[in-house]
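As stored in coords-v7.cif (mmCIF, C-alpha atoms):
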data_start
loop_
_atom_site.group_PDB
_atom_site.id
_atom_site.type_symbol
_atom_site.label_atom_id
_atom_site.label_comp_id
_atom_site.auth_asym_id
_atom_site.auth_seq_id
_atom_site.Cartn_x
_atom_site.Cartn_y
_atom_site.Cartn_z
ATOM 1 C CA MET X 40 2.703 32.036 -4.607
ATOM 2 C CA SER X 41 5.590 29.613 -4.516
ATOM 3 C CA ALA X 42 4.887 25.887 -4.484
ATOM 4 C CA SER X 43 6.268 25.552 -1.004
ATOM 5 C CA SER X 44 5.786 28.303 1.522
ATOM 6 C CA GLU X 45 5.515 29.056 5.184
ATOM 7 C CA CYS X 46 2.424 30.565 6.674
ATOM 8 C CA ARG X 47 1.568 31.707 10.150
ATOM 9 C CA ARG X 48 -1.497 33.018 11.915
ATOM 10 C CA SER X 49 -2.423 33.707 15.478
ATOM 11 C CA VAL X 50 -5.910 32.674 16.546
ATOM 12 C CA ARG X 51 -7.882 32.612 19.762
ATOM 13 C CA LEU X 52 -9.832 29.598 20.979
ATOM 14 C CA PRO X 53 -13.501 30.307 21.698
ATOM 15 C CA ALA X 54 -13.841 31.354 25.335
ATOM 16 C CA ASP X 55 -15.820 28.286 26.350
ATOM 17 C CA VAL X 56 -13.811 25.613 24.519
ATOM 18 C CA ASP X 57 -10.733 23.946 25.972
ATOM 19 C CA LEU X 58 -8.604 21.856 23.619
ATOM 20 C CA HIS X 59 -9.818 18.568 25.130
ATOM 21 C CA ALA X 60 -9.687 15.142 23.541
ATOM 22 C CA ARG X 61 -12.667 15.415 21.204
ATOM 23 C CA PRO X 62 -11.843 18.839 19.691
ATOM 24 C CA ALA X 63 -8.182 17.849 19.569
ATOM 25 C CA GLY X 64 -9.177 14.768 17.575
ATOM 26 C CA LEU X 65 -11.085 16.946 15.106
ATOM 27 C CA LEU X 66 -8.075 19.208 14.778
ATOM 28 C CA VAL X 67 -5.617 16.372 14.139
ATOM 29 C CA ARG X 68 -7.885 14.846 11.529
ATOM 30 C CA ALA X 69 -8.255 18.225 9.797
ATOM 31 C CA ALA X 70 -4.500 18.910 9.805
ATOM 32 C CA SER X 71 -3.692 15.446 8.500
ATOM 33 C CA GLY X 72 -5.599 16.051 5.273
ATOM 34 C CA TYR X 73 -2.886 18.368 3.975
ATOM 35 C CA ASP X 74 0.581 17.889 2.629
ATOM 36 C CA ALA X 75 2.036 20.321 5.132
ATOM 37 C CA CYS X 76 3.845 20.485 8.454
ATOM 38 C CA VAL X 77 1.500 22.104 10.941
ATOM 39 C CA THR X 78 2.858 23.364 14.250
ATOM 40 C CA LEU X 79 0.832 24.859 17.075
ATOM 41 C CA ARG X 80 2.248 27.051 19.817
ATOM 42 C CA ALA X 81 0.446 27.956 23.014
ATOM 43 C CA GLY X 82 2.355 29.723 25.756
ATOM 44 C CA ASP X 83 5.771 28.095 25.944
ATOM 45 C CA LYS X 84 4.629 24.785 24.446
ATOM 46 C CA GLN X 85 4.523 23.591 20.900
ATOM 47 C CA ALA X 86 2.910 20.633 19.200
ATOM 48 C CA ASP X 87 2.813 18.860 15.882
ATOM 49 C CA ALA X 88 -0.840 19.294 14.917
ATOM 50 C CA LYS X 89 -0.884 15.782 13.453
ATOM 51 C CA SER X 90 -0.076 14.198 16.843
ATOM 52 C CA ILE X 91 -3.082 13.919 19.144
ATOM 53 C CA LEU X 92 -0.961 13.489 22.262
ATOM 54 C CA GLN X 93 1.181 16.503 21.477
ATOM 55 C CA VAL X 94 -1.910 18.615 20.807
ATOM 56 C CA LEU X 95 -3.443 17.503 24.120
ATOM 57 C CA SER X 96 -0.229 18.280 25.961
ATOM 58 C CA LEU X 97 -0.559 21.942 24.950
ATOM 59 C CA GLY X 98 -3.231 22.127 27.628
ATOM 60 C CA ALA X 99 -4.792 25.049 25.758
ATOM 61 C CA THR X 100 -7.834 26.455 27.534
ATOM 62 C CA GLY X 101 -10.751 28.500 26.257
ATOM 63 C CA GLY X 102 -9.827 31.990 25.102
ATOM 64 C CA SER X 103 -6.116 31.270 24.851
ATOM 65 C CA GLN X 104 -4.002 32.419 21.950
ATOM 66 C CA ILE X 105 -2.629 29.754 19.619
ATOM 67 C CA GLU X 106 -0.029 30.397 16.971
ATOM 68 C CA VAL X 107 -0.465 28.189 13.891
ATOM 69 C CA GLU X 108 2.520 27.746 11.625
ATOM 70 C CA THR X 109 2.453 25.691 8.424
ATOM 71 C CA SER X 110 4.974 24.798 5.768
ATOM 72 C CA GLY X 111 4.981 22.580 2.712
ATOM 73 C CA SER X 112 3.166 22.406 -0.587
ATOM 74 C CA GLU X 113 -0.302 22.887 0.945
ATOM 75 C CA ALA X 114 0.785 25.281 3.694
ATOM 76 C CA SER X 115 -1.738 27.941 2.845
ATOM 77 C CA ALA X 116 -4.749 25.616 2.667
ATOM 78 C CA ALA X 117 -3.643 23.822 5.837
ATOM 79 C CA LEU X 118 -3.380 27.136 7.655
ATOM 80 C CA ASP X 119 -6.874 28.177 6.611
ATOM 81 C CA ALA X 120 -8.317 24.830 7.661
ATOM 82 C CA VAL X 121 -6.574 24.539 11.021
ATOM 83 C CA ALA X 122 -6.855 28.184 12.049
ATOM 84 C CA GLY X 123 -10.475 28.275 10.935
ATOM 85 C CA LEU X 124 -11.288 25.146 12.895
ATOM 86 C CA LEU X 125 -9.590 26.397 16.061
ATOM 87 C CA GLU X 126 -11.581 29.614 15.989
ATOM 88 C CA THR X 127 -14.910 27.881 15.462
ATOM 89 C CA LEU X 128 -14.645 24.867 17.769
ATOM 90 C CA ALA X 129 -17.802 24.387 19.773
ATOM 91 C CA MET E 7 -5.356 -1.352 -6.883
ATOM 92 C CA GLN E 8 -7.577 -1.683 -3.837
ATOM 93 C CA PRO E 9 -6.920 0.996 -1.246
ATOM 94 C CA THR E 10 -5.415 -0.587 1.842
ATOM 95 C CA ALA E 11 -7.869 -1.017 4.692
ATOM 96 C CA SER E 12 -7.218 0.845 7.931
ATOM 97 C CA PRO E 13 -5.642 -1.179 10.716
ATOM 98 C CA GLY E 14 -7.922 -2.248 13.534
ATOM 99 C CA ILE E 15 -7.110 -1.787 17.204
ATOM 100 C CA VAL E 16 -7.644 -4.301 20.006
ATOM 101 C CA LEU E 17 -7.573 -3.228 23.649
ATOM 102 C CA VAL E 18 -6.704 -5.903 26.188
ATOM 103 C CA SER E 19 -7.265 -5.082 29.837
ATOM 104 C CA HIS E 20 -7.729 -7.132 32.976
ATOM 105 C CA SER E 21 -10.967 -5.217 33.349
ATOM 106 C CA ASN E 22 -13.769 -5.469 30.832
ATOM 107 C CA GLU E 23 -14.940 -2.000 31.921
ATOM 108 C CA ILE E 24 -11.546 -0.451 31.225
ATOM 109 C CA ALA E 25 -11.311 -2.044 27.787
ATOM 110 C CA GLU E 26 -14.893 -1.103 26.846
ATOM 111 C CA GLY E 27 -14.635 2.415 28.254
ATOM 112 C CA LEU E 28 -11.343 3.083 26.502
ATOM 113 C CA ALA E 29 -12.715 1.740 23.232
ATOM 114 C CA ARG E 30 -15.627 4.172 23.519
ATOM 115 C CA MET E 31 -13.282 7.034 24.287
ATOM 116 C CA ALA E 32 -11.023 6.193 21.337
ATOM 117 C CA ARG E 33 -13.994 6.074 18.956
ATOM 118 C CA GLU E 34 -15.235 9.400 20.316
ATOM 119 C CA VAL E 35 -11.891 11.088 19.657
ATOM 120 C CA ALA E 36 -10.986 9.355 16.407
ATOM 121 C CA GLY E 37 -14.416 8.953 14.829
ATOM 122 C CA SER E 38 -16.556 5.884 14.523
ATOM 123 C CA ASP E 39 -14.949 4.687 11.275
ATOM 124 C CA VAL E 40 -12.039 3.234 13.208
ATOM 125 C CA SER E 41 -12.361 -0.377 14.265
ATOM 126 C CA VAL E 42 -11.606 -0.516 17.994
ATOM 127 C CA VAL E 43 -12.452 -3.793 19.725
ATOM 128 C CA ALA E 44 -12.341 -4.359 23.477
ATOM 129 C CA ALA E 45 -11.101 -7.667 24.900
ATOM 130 C CA GLY E 46 -11.181 -7.196 28.651
ATOM 131 C CA GLY E 47 -11.618 -9.484 31.599
ATOM 132 C CA GLY E 48 -11.234 -13.177 32.238
ATOM 133 C CA PRO E 49 -13.359 -16.020 30.834
ATOM 134 C CA ASP E 50 -15.944 -15.807 33.617
ATOM 135 C CA GLY E 51 -16.158 -12.030 33.729
ATOM 136 C CA SER E 52 -13.628 -11.775 36.527
ATOM 137 C CA LEU E 53 -10.539 -9.586 36.422
ATOM 138 C CA GLY E 54 -8.042 -11.262 34.144
ATOM 139 C CA THR E 55 -7.372 -11.943 30.516
ATOM 140 C CA ASP E 56 -8.708 -14.534 28.138
ATOM 141 C CA GLY E 57 -6.585 -15.610 25.199
ATOM 142 C CA SER E 58 -9.525 -16.884 23.191
ATOM 143 C CA ARG E 59 -11.325 -13.572 23.614
ATOM 144 C CA VAL E 60 -8.174 -11.742 22.521
ATOM 145 C CA ALA E 61 -7.852 -13.951 19.442
ATOM 146 C CA ALA E 62 -11.513 -13.424 18.533
ATOM 147 C CA ALA E 63 -11.126 -9.658 18.981
ATOM 148 C CA ILE E 64 -8.106 -9.610 16.680
ATOM 149 C CA ARG E 65 -9.999 -11.485 13.986
ATOM 150 C CA SER E 66 -13.017 -9.210 14.301
ATOM 151 C CA ALA E 67 -10.953 -5.973 14.296
ATOM 152 C CA ASP E 68 -9.141 -6.861 11.076
ATOM 153 C CA ALA E 69 -10.491 -5.427 7.851
ATOM 154 C CA GLY E 70 -7.420 -6.400 5.854
ATOM 155 C CA GLY E 71 -5.057 -3.716 7.163
ATOM 156 C CA GLY E 72 -3.848 -5.707 10.156
ATOM 157 C CA VAL E 73 -4.352 -5.095 13.865
ATOM 158 C CA VAL E 74 -2.445 -3.229 16.555
ATOM 159 C CA VAL E 75 -2.964 -4.655 20.025
ATOM 160 C CA ILE E 76 -2.496 -2.577 23.170
ATOM 161 C CA ALA E 77 -2.490 -4.274 26.558
ATOM 162 C CA ASP E 78 -2.581 -2.950 30.099
ATOM 163 C CA ILE E 79 -0.141 -4.716 32.414
ATOM 164 C CA GLY E 80 1.584 -7.956 33.254
ATOM 165 C CA SER E 81 -0.326 -11.028 32.247
ATOM 166 C CA ALA E 82 -2.388 -9.112 29.667
ATOM 167 C CA VAL E 83 0.865 -8.566 27.794
ATOM 168 C CA LEU E 84 1.795 -12.224 28.230
ATOM 169 C CA SER E 85 -1.624 -13.390 27.004
ATOM 170 C CA VAL E 86 -1.370 -11.279 23.869
ATOM 171 C CA ARG E 87 2.128 -12.529 23.146
ATOM 172 C CA ALA E 88 0.971 -16.106 23.541
ATOM 173 C CA VAL E 89 -1.913 -15.537 21.134
ATOM 174 C CA LEU E 90 0.374 -13.930 18.568
ATOM 175 C CA GLU E 91 3.087 -16.578 18.933
ATOM 176 C CA ASP E 92 0.660 -19.479 18.728
ATOM 177 C CA GLY E 93 -0.896 -18.124 15.561
ATOM 178 C CA ASP E 94 -4.361 -18.095 17.131
ATOM 179 C CA ALA E 95 -5.198 -14.922 15.237
ATOM 180 C CA ALA E 96 -5.644 -17.015 12.103
ATOM 181 C CA GLY E 97 -3.480 -15.291 9.565
ATOM 182 C CA VAL E 98 -4.254 -11.734 10.646
ATOM 183 C CA GLU E 99 -1.199 -9.477 10.651
ATOM 184 C CA ALA E 100 -1.218 -8.406 14.291
ATOM 185 C CA VAL E 101 1.399 -6.603 16.359
ATOM 186 C CA LEU E 102 1.607 -5.746 20.037
ATOM 187 C CA ALA E 103 2.425 -2.085 20.667
ATOM 188 C CA ASP E 104 4.636 -1.310 23.645
ATOM 189 C CA ALA E 105 2.667 1.650 24.928
ATOM 190 C CA PRO E 106 0.843 3.064 27.938
ATOM 191 C CA MET E 107 -2.691 1.918 27.355
ATOM 192 C CA VAL E 108 -4.910 5.005 27.455
ATOM 193 C CA GLU E 109 -2.594 7.370 25.652
ATOM 194 C CA GLY E 110 -1.503 4.678 23.234
ATOM 195 C CA ALA E 111 -5.079 3.740 22.347
ATOM 196 C CA ILE E 112 -6.079 7.332 21.637
ATOM 197 C CA ALA E 113 -2.983 7.998 19.535
ATOM 198 C CA ALA E 114 -3.388 4.712 17.668
ATOM 199 C CA ALA E 115 -7.075 5.300 16.923
ATOM 200 C CA VAL E 116 -6.526 8.834 15.658
ATOM 201 C CA THR E 117 -3.624 7.683 13.490
ATOM 202 C CA ALA E 118 -5.724 4.871 12.030
ATOM 203 C CA SER E 119 -8.498 7.383 11.318
ATOM 204 C CA ILE E 120 -6.180 9.566 9.244
ATOM 205 C CA GLY E 121 -4.921 6.780 7.043
ATOM 206 C CA GLY E 122 -1.921 5.465 8.953
ATOM 207 C CA ASP E 123 -0.844 1.902 8.188
ATOM 208 C CA ILE E 124 -0.101 -0.729 10.815
ATOM 209 C CA ALA E 125 3.478 0.527 11.344
ATOM 210 C CA ALA E 126 2.333 4.143 11.702
ATOM 211 C CA VAL E 127 -0.437 3.200 14.120
ATOM 212 C CA ARG E 128 1.941 1.184 16.266
ATOM 213 C CA ALA E 129 4.518 4.005 16.194
ATOM 214 C CA ALA E 130 1.885 6.551 17.234
ATOM 215 C CA ALA E 131 0.927 4.402 20.210
ATOM 216 C CA GLU E 132 4.556 3.978 21.224
ATOM 217 C CA GLU E 133 5.224 7.716 20.868
ATOM 218 C CA ALA E 134 3.038 8.069 23.962
ATOM 219 C CA TRP E 135 6.105 7.335 26.105
ATOM 220 C CA ASP E 136 7.692 10.556 24.864
ATOM 221 C CA VAL E 137 4.864 13.029 25.209
ATOM 222 C CA ARG E 138 4.709 14.641 28.630
ATOM 223 C CA LYS E 139 1.386 15.617 30.112
ATOM 224 C CA LEU E 140 2.708 18.659 31.947
#

As structure tokens, please, write out the structure in this file.
Amino acid sequence: MSASSECRRSVRLPADVDLHARPAGLLVRAASGYDACVTLRAGDKQADAKSILQVLSLGATGGSQIEVETSGSEASAALDAVAGLLETLA
Amino acid sequence: MQPTASPGIVLVSHSNEIAEGLARMAREVAGSDVSVVAAGGGPDGSLGTDGSRVAAAIRSADAGGGVVVIADIGSAVLSVRAVLEDGDAAGVEAVLADAPMVEGAIAAAVTASIGGDIAAVRAAAEEAWDVRKL
């Protein structure tokens, strides 16, 4: 593994969880713990996962597909944390 | 070296209910560790703003990391500016963010919760102008 890398994973939100304010807050706080750029894509929108307003503006609804892309020295750990959280939001 | 304390956030609205409700919402999204203090309504509970309440809120929100103030409209903005210019906040480093109130408060609270300093918290609130809802 190189010190700096890019990682990407596609995940699906749980069917009954929309990316509303509270889960979006959890997501931003999780992403911010890593030295990595974390970008989310849903449909034709993209968001910096460390910006609550950008994450909310994705308007991602339950069951939708979200592409998580990370880069930087902790890209791999950030990807695991953010993708894992998105898939297990309740 | 002591770690720097998180900035506090003060919400100034003409309506006490708006300020209190938004403070609750911000804590819900950002976590209860963030200091969000509501300063809404006039001196007698009417719609309006109260400089002394704003000054007290700024002092109580500060934990050493300074305070970002977000106001709703018109005279709320003027009241905050008067408090800051008159030095009524008693030595607290306080800044007024130029931001839409609801979005700005949420962005500011989340940024404070993840370790942002006073400049980062203010910038996050002001970024609200640039993030479309649709």

Original post:
Could you list, as number ranges by chain, every residue of chain E that has an atom within 8 Å of an atom of chain X, counting only C-alpha atoms?
Top reply: E: 34-36, 109, 112-113, 116, 119-120, 130, 134, 137-140

**OP:** Let me know the residues the PyMOL selection byres ((chain E and resi 17-20) around 9) catches in the file above, as a ChimeraX atom specification.
**Re:** /E:15-16,21-26,28-29,42-48,52-56,60,63,74-79,81-83,86,107,111

Subject >> Matched chain/residue IDs from the PyMOL selection byres ((chain E and resi 39) around 10), as a ChimeraX atom specification >> reply: /E:12,33,36-38,40-42,115,118-119

Could you turn the residues from that selection into a file that holds C-alpha atoms, as an mmCIF file, in the frame of the given file?
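Wrote part_33.cif, looks like this:
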data_model
loop_
_atom_site.group_PDB
_atom_site.id
_atom_site.type_symbol
_atom_site.label_atom_id
_atom_site.label_comp_id
_atom_site.auth_asym_id
_atom_site.auth_seq_id
_atom_site.Cartn_x
_atom_site.Cartn_y
_atom_site.Cartn_z
ATOM 1 C CA SER E 12 -7.218 0.845 7.931
ATOM 2 C CA ARG E 33 -13.994 6.074 18.956
ATOM 3 C CA ALA E 36 -10.986 9.355 16.407
ATOM 4 C CA GLY E 37 -14.416 8.953 14.829
ATOM 5 C CA SER E 38 -16.556 5.884 14.523
ATOM 6 C CA VAL E 40 -12.039 3.234 13.208
ATOM 7 C CA SER E 41 -12.361 -0.377 14.265
ATOM 8 C CA VAL E 42 -11.606 -0.516 17.994
ATOM 9 C CA ALA E 115 -7.075 5.300 16.923
ATOM 10 C CA ALA E 118 -5.724 4.871 12.030
ATOM 11 C CA SER E 119 -8.498 7.383 11.318
#

Subject >> Evaluate the PyMOL selection byres ((chain X and resi 56) around 10) and report residues as a ChimeraX atom specification >> reply: /X:52-55,57-59,62,99-103,125-129

Original post:
By how many Å are CA of Thr117 in chain E and CA of Gly97 in chain E apart?
Top reply: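 Value for the CA of Thr117 in chain E-CA of Gly97 in chain E distance: 23.3 Å.
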
**OP:** Might you pull out every residue within 9 Å of Ala116 in chain X, with all atoms listed in the file counted and same-chain residues fewer than 4 positions away left off, and present them as a VMD selection string?
**Re:** chain X and resid 73 75 120 to 121

**OP:** May I have the protein, DNA and RNA residues with any atom at most 12 Å from the point (9.2, 24.0, 4.7), counting all atoms listed in the file, written as a PyMOL selection string?
**Re:** chain X and resi 41-46+74-78+108-115

Write a file of the just-selected residues containing C-alpha atoms, as a short mmCIF file (atom, residue, chain, number, x, y, z; two decimals), in the frame of the given file.
data_model
loop_
_atom_site.label_atom_id
_atom_site.label_comp_id
_atom_site.auth_asym_id
_atom_site.auth_seq_id
_atom_site.Cartn_x
_atom_site.Cartn_y
_atom_site.Cartn_z
CA SER X 41 5.59 29.61 -4.52
CA ALA X 42 4.89 25.89 -4.48
CA SER X 43 6.27 25.55 -1.00
CA SER X 44 5.79 28.30 1.52
CA GLU X 45 5.52 29.06 5.18
CA CYS X 46 2.42 30.56 6.67
CA ASP X 74 0.58 17.89 2.63
CA ALA X 75 2.04 20.32 5.13
CA CYS X 76 3.84 20.48 8.45
CA VAL X 77 1.50 22.10 10.94
CA THR X 78 2.86 23.36 14.25
CA GLU X 108 2.52 27.75 11.62
CA THR X 109 2.45 25.69 8.42
CA SER X 110 4.97 24.80 5.77
CA GLY X 111 4.98 22.58 2.71
CA SER X 112 3.17 22.41 -0.59
CA GLU X 113 -0.30 22.89 0.94
CA ALA X 114 0.78 25.28 3.69
CA SER X 115 -1.74 27.94 2.84
#

Padding 8 Å on each side, edges along x, y and z: where is the centre of the box around the listed atoms of range 78-90 of chain E, and how long are its edges in Å to one decimal? Output it as JSON.
{"center_x": -0.2, "center_y": -9.5, "center_z": 25.9, "size_x": 20.7, "size_y": 29.2, "size_z": 30.7}

**OP:** Just give me the gap between CA of Asp87 in chain X and CA of Ala131 in chain E in Å, one decimal is fine.
**Re:**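 Interatomic distance here is 15.2 Å.
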
Subject >> Coordinates-based distance that separates CA of Ala103 in chain E from CA of Glu133 in chain E (Å, one decimal) >> reply: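 Rounded to one decimal, the two atoms are 10.2 Å apart.
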
For range 60-90 of chain X, write C-alpha atoms out as a short mmCIF file (atom, residue, chain, number, x, y, z; two decimals), in the first residue's frame.
data_model
loop_
_atom_site.label_atom_id
_atom_site.label_comp_id
_atom_site.auth_asym_id
_atom_site.auth_seq_id
_atom_site.Cartn_x
_atom_site.Cartn_y
_atom_site.Cartn_z
CA ALA X 60 -29.93 15.81 9.26
CA ARG X 61 -29.16 13.46 12.14
CA PRO X 62 -27.60 10.61 10.10
CA ALA X 63 -25.83 13.19 7.95
CA GLY X 64 -24.34 14.67 11.12
CA LEU X 65 -23.07 11.24 12.16
CA LEU X 66 -21.55 10.77 8.74
CA VAL X 67 -19.76 14.13 8.71
CA ARG X 68 -18.35 13.53 12.17
CA ALA X 69 -17.12 10.07 11.13
CA ALA X 70 -15.50 11.36 7.92
CA SER X 71 -13.82 14.24 9.71
CA GLY X 72 -11.79 11.89 11.90
CA TYR X 73 -9.54 10.94 9.00
CA ASP X 74 -6.78 12.66 7.12
CA ALA X 75 -8.49 12.08 3.80
CA CYS X 76 -10.68 13.78 1.22
CA VAL X 77 -14.02 12.00 1.22
CA THR X 78 -16.44 12.56 -1.64
CA LEU X 79 -19.93 11.14 -1.93
CA ARG X 80 -21.87 10.81 -5.17
CA ALA X 81 -25.57 10.08 -5.42
CA GLY X 82 -27.26 10.34 -8.79
CA ASP X 83 -25.85 13.41 -10.50
CA LYS X 84 -24.86 15.15 -7.26
CA GLN X 85 -21.68 15.08 -5.29
CA ALA X 86 -20.73 16.24 -1.83
CA ASP X 87 -17.72 16.71 0.38
CA ALA X 88 -18.48 14.29 3.21
CA LYS X 89 -17.03 16.74 5.72
CA SER X 90 -19.64 19.41 4.86
#
